[in-house]
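Colleague: The structure under discussion is supplied below as structure tokens; questions concerning it will follow.
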Amino acid sequence: QVQLVESGGGLVQAGGSLRLSCAASGSIFRINAMGWYRQAPGNKRELVATITSSGSATYVEDLKGRFTISRDNAKNTVYLQMNSLKPEDTAVYYCNVFPSIGAYWGPGTQVSVSS
């Protein structure tokens, strides 16, 4: 059974930083590309960043330079370092494999950025 559990969200002022973590159970982690996604109120869930099993990363264009995705294969964990946060980054953040699989969505972690 696959479980993905996100953590590290919180309330931060604009310009601040947060580091999100996603712990993965099961056998998916080492062989799959992973992704961070987010869903803001009233919006569809969107892709934020991806990382392959070998560590090659891609980002949504608007987030390049502010967000960094990384992974620790020994710990079955993927991270999202978020710097220079803006109020429009407020959303629930999720991790999943990439491309995402519906059955793997976890509870997400709330990130709120105040102006």
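If you're wondering about the labels, chains in the structure tokens are A, B, ... by order shown, residues count from 1 in each chain, ligands from 1 in order shown.
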What's the 9 Å shell around stretch 23-36 of chain A, counting only C-alpha atoms, without same-chain residues fewer than 6 positions away, as a PyMOL selection string?
Modeller: chain A and resi 1-7+46-55+69+71+73-80+93-100
Colleague: Taking the DSSP assignment computed from this structure's backbone, write out as a PyMOL selection string all residues of stretch 25-104 of chain A that belong to strand (DSSP E).
Modeller: chain A and resi 34-39+46-51+57-59+67-72+77-82+91-97
Colleague: Within 8 Å of A:Thr68, counting only C-alpha atoms, which residues show up once you throw out same-chain ones fewer than 3 positions away? Write them as a JSON list (two decimals) with N, CA and C atoms, in the first residue's frame, please.
Modeller:
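The resulting around-v8.json:
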```json
[["chain", "number", "residue", "atom", "x", "y", "z"],
["A", 64, "LYS", "N", 10.51, 29.24, -10.89],
["A", 64, "LYS", "CA", 11.96, 29.04, -10.99],
["A", 64, "LYS", "C", 12.70, 30.12, -10.22],
["A", 65, "GLY", "N", 13.72, 29.69, -9.47],
["A", 65, "GLY", "CA", 14.51, 30.64, -8.69],
["A", 65, "GLY", "C", 14.01, 30.85, -7.28],
["A", 80, "LEU", "N", 10.52, 20.25, -0.70],
["A", 80, "LEU", "CA", 10.31, 21.45, -1.50],
["A", 80, "LEU", "C", 10.72, 22.65, -0.64],
["A", 81, "GLN", "N", 11.83, 23.26, -1.00],
["A", 81, "GLN", "CA", 12.27, 24.47, -0.33],
["A", 81, "GLN", "C", 11.64, 25.65, -1.04],
["A", 82, "MET", "N", 10.93, 26.47, -0.30],
["A", 82, "MET", "CA", 10.22, 27.61, -0.87],
["A", 82, "MET", "C", 10.74, 28.89, -0.24]]
```
Colleague: List the spatial neighbours of A:Asp89 as a ChimeraX atom specification - criterion: any atom at most 9 Å away, only C-alpha atoms, same-chain residues fewer than 5 positions off excluded.
Modeller: /A:38,40,111-113
Colleague: For the atom pair atom CA of A:Gly15 and atom CA of A:Leu85, what is the interatomic distance in Å to one decimal place?
Modeller: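 Atom CA of A:Leu85 lies 4.9 Å from atom CA of A:Gly15.
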Colleague: Atom CA of A:Thr90 and atom CA of A:Gln110 are how many Å apart?
Modeller: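 Computed distance, atom CA of A:Thr90 to atom CA of A:Gln110, equals 7.8 Å.
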Colleague: Mind pulling up the distance from atom CA of A:Asp72 to atom CA of A:Ser17?
Modeller: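 Between atom CA of A:Ser17 and atom CA of A:Asp72 the gap is 20.2 Å.
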